[in-house]
Amino acid sequence: MQSGIQDQFTWNRNHIFASGMNKAILLVEWYGGTLRPARRRTSPKLIARDVELHLWLEPHVTLLRIYGAKARRGLNHSLIMPLGHLQDGVKQFFAIELALEPQSPGLHGVISVQWRYKERNKERIKELPVKELYMNYTYHMGLLRQPEDFHVHKHVKLLETPGVVKEAIRLFEFGDIEHGEWVLRRKGDELLISAARNADGRLLAEADMLYQLSEHYVGTYMNRNTSLVRNG
């Protein structure tokens, strides 16, 4: 493999309205080596270390939110996404939500990206060529009414789950068991509806996980509170 990193950048929609402010979500996926549907139960091979994705936003673009990763400021108004190590066949992803100002109809650059990393047994940083990503601005209502890309929608929903679980645990820790349960079950219901509409097993499994966590935490914290009352 020439680059060491295989990537895919997908917008949640292919066209946005040429007038007014728009929001768009970019899903970033990357992997190295041979991507396999089911991995063997062996330690995956390390391909790259200290992977970073550098981002440069065009002047008419503003970062709103990052799903599944954290960024730091770099030189020349760039953003740096530290993404850890890359292992053979392990696909990873995060998403960014952007606000885009009005532009004339047509294809316009939105963001430029560049991968930087260290190869397995080397200390020198390797830089891949910069890629520029574009968006189609249009007044064509038929294009604007096209549904959101489900692949992006699905992965954003999956990226939201850890934050929901963290918030629920915080509520349980503060003794608000009812609210903590509601947070987990509401997210589970949201994923279940999306899974049913799109016949998606991954979202169904995620919803089931949240329901099981809800039952587990409710039981755990109710028992803890009962024990505290008895011993108090």
# chains A, B, ... in the order shown; residues from 1 in each chain; ligands from 1

call {"tool": "closest_atom_pairs", "arguments": {"of": "stretch 110-186 of chain A", "to": "stretch 42-55 of chain A", "cutoff": "12 Å", "atoms": "only C-alpha atoms", "output": "tab-separated table"}}
result
residue	atom	partner	partner_atom	distance
A:Val110	CA	A:Leu55	CA	10.4
A:Ile111	CA	A:Leu55	CA	6.8
A:Ser112	CA	A:Leu55	CA	5.7
A:Val113	CA	A:Leu55	CA	4.7
A:Gln114	CA	A:His54	CA	5.1
A:Trp115	CA	A:Leu53	CA	4.7
A:Arg116	CA	A:Glu52	CA	5.2
A:Tyr117	CA	A:Val51	CA	4.4
A:Lys118	CA	A:Arg49	CA	5.0
A:Glu119	CA	A:Ala48	CA	4.7
A:Arg120	CA	A:Ala48	CA	5.1
A:Asn121	CA	A:Ala48	CA	8.7
A:Lys122	CA	A:Arg49	CA	9.2
A:Glu123	CA	A:Arg49	CA	9.2
A:Arg124	CA	A:Arg49	CA	10.7
A:Ile125	CA	A:Asp50	CA	9.0
A:Lys126	CA	A:Val51	CA	9.7
A:Glu127	CA	A:Glu52	CA	9.7
A:Leu128	CA	A:Leu53	CA	10.0
A:Pro129	CA	A:His54	CA	11.2
A:Val130	CA	A:His54	CA	9.1
A:Lys131	CA	A:Leu55	CA	9.7
A:Glu132	CA	A:Leu55	CA	9.7
A:Leu133	CA	A:Leu55	CA	10.5

call {"tool": "select_by_dssp", "arguments": {"residues": "stretch 32-118 of chain A", "states": "strand (DSSP E)", "output": "PyMOL selection string"}}
result
chain A and resi 46-57+61-67+72-73+79-82+86-87+92-100+106-118

call {"tool": "atom_distance", "arguments": {"atom1": "atom CA of A:Gly89", "atom2": "atom CA of A:Val152"}}
result
20.4 Å

call {"tool": "closest_atom_pairs", "arguments": {"of": "stretch 124-227 of chain A", "to": "stretch 67-80 of chain A", "cutoff": "7 Å", "atoms": "only C-alpha atoms", "output": "CSV"}}
result
residue,atom,partner,partner_atom,distance
A:Val156,CA,A:Tyr67,CA,6.9
A:Leu159,CA,A:Gly68,CA,5.4
A:Glu160,CA,A:Tyr67,CA,6.9

call {"tool": "write_last_selection", "arguments": {"atoms": "N, CA and C atoms", "output": "short mmCIF file (atom, residue, chain, number, x, y, z; two decimals), in the first residue's frame"}}
result
data_model
loop_
_atom_site.label_atom_id
_atom_site.label_comp_id
_atom_site.auth_asym_id
_atom_site.auth_seq_id
_atom_site.Cartn_x
_atom_site.Cartn_y
_atom_site.Cartn_z
N VAL A 156 -22.97 9.29 12.82
CA VAL A 156 -23.10 10.37 13.79
C VAL A 156 -23.88 9.90 15.01
N LEU A 159 -21.63 7.92 17.12
CA LEU A 159 -20.64 8.76 17.79
C LEU A 159 -21.25 9.53 18.96
N GLU A 160 -22.56 9.76 18.93
CA GLU A 160 -23.23 10.48 20.02
C GLU A 160 -23.40 9.61 21.27
#

call {"tool": "closest_residue", "arguments": {"among": "A:Leu63, A:Leu192, A:Met141, A:Val218", "to": "A:Leu171", "atoms": "only C-alpha atoms"}}
result
A:Val218

call {"tool": "atom_distance", "arguments": {"atom1": "atom CA of A:Glu101", "atom2": "atom CA of A:Leu57"}}
result
12.2 Å
